[in-house]
Structures are given as C-alpha cells and as structure tokens.
file work-v2.pdb (PDB, C-alpha atoms, pLDDT in the B column)
MODEL        1
ATOM      1  CA  MET A   1       2.012   6.877   9.952  1.00 85.00           C
ATOM      2  CA  ILE A   2      -1.158   5.337   8.560  1.00 89.00           C
ATOM      3  CA  TYR A   3      -1.404   4.007   5.001  1.00 91.00           C
ATOM      4  CA  VAL A   4      -4.654   4.286   3.039  1.00 91.00           C
ATOM      5  CA  LEU A   5      -4.752   1.375   0.571  1.00 93.00           C
ATOM      6  CA  VAL A   6      -6.013   2.127  -2.936  1.00 91.00           C
ATOM      7  CA  GLY A   7      -7.003  -0.716  -5.252  1.00 91.00           C
ATOM      8  CA  GLY A   8      -6.269  -4.404  -4.889  1.00 91.00           C
ATOM      9  CA  PRO A   9      -7.817  -6.827  -2.424  1.00 91.00           C
ATOM     10  CA  ARG A  10      -7.603  -4.423   0.540  1.00 94.00           C
ATOM     11  CA  ASP A  11      -8.926  -1.273  -1.150  1.00 94.00           C
ATOM     12  CA  GLY A  12     -10.041   1.412   1.288  1.00 94.00           C
ATOM     13  CA  GLN A  13      -8.388  -0.055   4.380  1.00 95.00           C
ATOM     14  CA  HIS A  14      -6.296   2.006   6.773  1.00 93.00           C
ATOM     15  CA  VAL A  15      -3.238   0.077   7.991  1.00 95.00           C
ATOM     16  CA  ASP A  16      -0.108   0.851   9.992  1.00 93.00           C
ATOM     17  CA  ASP A  17       2.219  -1.391   7.987  1.00 93.00           C
ATOM     18  CA  LEU A  18       2.585  -1.364   4.213  1.00 91.00           C
ATOM     19  CA  PRO A  19       1.366  -4.767   2.911  1.00 90.00           C
ATOM     20  CA  ARG A  20       2.890  -6.694   0.018  1.00 86.00           C
ATOM     21  CA  GLY A  21       1.673  -5.636  -3.406  1.00 87.00           C
ATOM     22  CA  TYR A  22       1.275  -1.966  -2.400  1.00 90.00           C
ATOM     23  CA  ARG A  23       3.618   0.975  -2.932  1.00 90.00           C
ATOM     24  CA  LEU A  24       3.536   4.534  -1.731  1.00 88.00           C
ATOM     25  CA  SER A  25       1.756   6.810  -4.151  1.00 78.00           C
ATOM     26  CA  LEU A  26       4.288   9.041  -5.884  1.00 75.00           C
ATOM     27  CA  ASP A  27       1.509  11.494  -6.798  1.00 74.00           C
ATOM     28  CA  GLU A  28       0.732  12.286  -3.157  1.00 66.00           C
ATOM     29  CA  PRO A  29       2.326  15.660  -2.323  1.00 67.00           C
ATOM     30  CA  ALA A  30       2.253  15.470   1.489  1.00 74.00           C
ATOM     31  CA  PRO A  31       0.717  13.340   4.246  1.00 78.00           C
ATOM     32  CA  GLU A  32      -2.880  14.182   5.198  1.00 76.00           C
ATOM     33  CA  ARG A  33      -4.313  14.224   8.717  1.00 81.00           C
ATOM     34  CA  PHE A  34      -6.621  11.405   9.883  1.00 72.00           C
ATOM     35  CA  ALA A  35      -7.584  12.066  13.514  1.00 79.00           C
ATOM     36  CA  GLU A  36      -4.200  12.470  15.240  1.00 85.00           C
ATOM     37  CA  PHE A  37      -2.325  10.475  12.566  1.00 84.00           C
ATOM     38  CA  GLU A  38      -0.698  11.404   9.284  1.00 87.00           C
ATOM     39  CA  THR A  39      -1.861   9.309   6.340  1.00 87.00           C
ATOM     40  CA  VAL A  40      -0.316   8.556   2.968  1.00 89.00           C
ATOM     41  CA  ARG A  41      -1.822   6.681   0.052  1.00 90.00           C
ATOM     42  CA  ALA A  42      -0.429   3.320  -0.971  1.00 91.00           C
ATOM     43  CA  VAL A  43      -1.502   2.022  -4.377  1.00 91.00           C
ATOM     44  CA  TRP A  44      -1.858  -1.577  -5.526  1.00 91.00           C
ATOM     45  CA  PHE A  45       0.649  -2.817  -8.078  1.00 86.00           C
ATOM     46  CA  GLU A  46      -0.613  -6.211  -9.223  1.00 71.00           C
ATOM     47  CA  LEU A  47       2.571  -6.816 -11.188  1.00 63.00           C
ATOM     48  CA  ASP A  48       4.592  -6.522  -7.954  1.00 54.00           C
ATOM     49  CA  ALA A  49       2.310  -9.052  -6.248  1.00 51.00           C
ATOM     50  CA  ARG A  50       2.730 -11.528  -9.133  1.00 57.00           C
ATOM     51  CA  MET A  51       6.500 -11.184  -9.013  1.00 57.00           C
ATOM     52  CA  PHE A  52       6.481 -11.727  -5.251  1.00 54.00           C
ATOM     53  CA  ARG A  53       4.362 -14.877  -5.547  1.00 57.00           C
ATOM     54  CA  SER A  54       6.624 -16.330  -8.249  1.00 55.00           C
ATOM     55  CA  ALA A  55       9.714 -15.598  -6.096  1.00 51.00           C
ATOM     56  CA  GLN A  56       8.107 -17.424  -3.161  1.00 52.00           C
ATOM     57  CA  ARG A  57       7.412 -20.499  -5.274  1.00 53.00           C
ATOM     58  CA  ARG A  58      11.075 -20.783  -6.277  1.00 50.00           C
ATOM     59  CA  ASP A  59      12.199 -20.946  -2.619  1.00 48.00           C
TER      60      ASP A  59
ENDMDL
END
call {"tool": "encode", "arguments": {"input": "work-v2.pdb", "output": "structure tokens"}}
result
Amino acid sequence: MIYVLVGGPRDGQHVDDLPRGYRLSLDEPAPERFAEFETVRAVWFELDARMFRSAQRRD
C-alpha cells in the first residue's frame, strides 16, 4: 500500500511507510489505484508531532 501525504513537511509525497505526524484519513472511503498500487491518504496532524517530540525529550 502507498500513502499519499497531505499537509505537513512532506505534503504531496508518496511513501510506503506511514511517517510520524501523519494519520490515515478517515474521510477516504476506499483505496485508489496508483499504477499497480493501492493508495490511501494520510493527513498531517501537527498536534501529534508536537506530542511525539515532547515524549522524546523526556526519555
């Protein structure tokens, strides 16, 4: 499965692994075709990224 990143620092990229700070789009009804792959949208949640960074600093 290929993720299409929406928003954030990697907006518009197609990736095969969901990066930190992105979540699957709940509005997306079904995967779309991109060449021979299925794609789903992953949207940027800046709040999630901030929480992740603060958790890293505590370690």
call {"tool": "atom_distance", "arguments": {"input": "work-v2.pdb", "atom1": "CA of Tyr3 in chain A", "atom2": "CA of Asp16 in chain A"}}
result
6.0 Å
call {"tool": "resolve_selection", "arguments": {"input": "work-v2.pdb", "expression": "the PyMOL selection byres ((chain A and resi 17) around 10)", "output": "PyMOL selection string"}}
result
chain A and resi 1-3+14-16+18-20
call {"tool": "residues_near_point", "arguments": {"input": "work-v2.pdb", "point": "(0.8, 6.7, -3.0)", "cutoff": "9 Å", "atoms": "only C-alpha atoms", "output": "mmCIF file with C-alpha atoms, in the coordinates of the input"}}
result
data_model
loop_
_atom_site.group_PDB
_atom_site.id
_atom_site.type_symbol
_atom_site.label_atom_id
_atom_site.label_comp_id
_atom_site.auth_asym_id
_atom_site.auth_seq_id
_atom_site.Cartn_x
_atom_site.Cartn_y
_atom_site.Cartn_z
ATOM 1 C CA TYR A 3 -1.404 4.007 5.001
ATOM 2 C CA VAL A 4 -4.654 4.286 3.039
ATOM 3 C CA LEU A 5 -4.752 1.375 0.571
ATOM 4 C CA VAL A 6 -6.013 2.127 -2.936
ATOM 5 C CA TYR A 22 1.275 -1.966 -2.400
ATOM 6 C CA ARG A 23 3.618 0.975 -2.932
ATOM 7 C CA LEU A 24 3.536 4.534 -1.731
ATOM 8 C CA SER A 25 1.756 6.810 -4.151
ATOM 9 C CA LEU A 26 4.288 9.041 -5.884
ATOM 10 C CA ASP A 27 1.509 11.494 -6.798
ATOM 11 C CA GLU A 28 0.732 12.286 -3.157
ATOM 12 C CA VAL A 40 -0.316 8.556 2.968
ATOM 13 C CA ARG A 41 -1.822 6.681 0.052
ATOM 14 C CA ALA A 42 -0.429 3.320 -0.971
ATOM 15 C CA VAL A 43 -1.502 2.022 -4.377
#
call {"tool": "atom_distance", "arguments": {"input": "work-v2.pdb", "atom1": "CA of Gln13 in chain A", "atom2": "CA of Pro31 in chain A"}}
result
16.2 Å
call {"tool": "axis_aligned_box", "arguments": {"input": "work-v2.pdb", "around": "range 11-16 of chain A", "padding_each_side": "8 Å", "output": "AutoDock Vina command-line options"}}
result
--center_x -5.1 --center_y 0.4 --center_z 4.4 --size_x 25.9 --size_y 19.3 --size_z 27.1
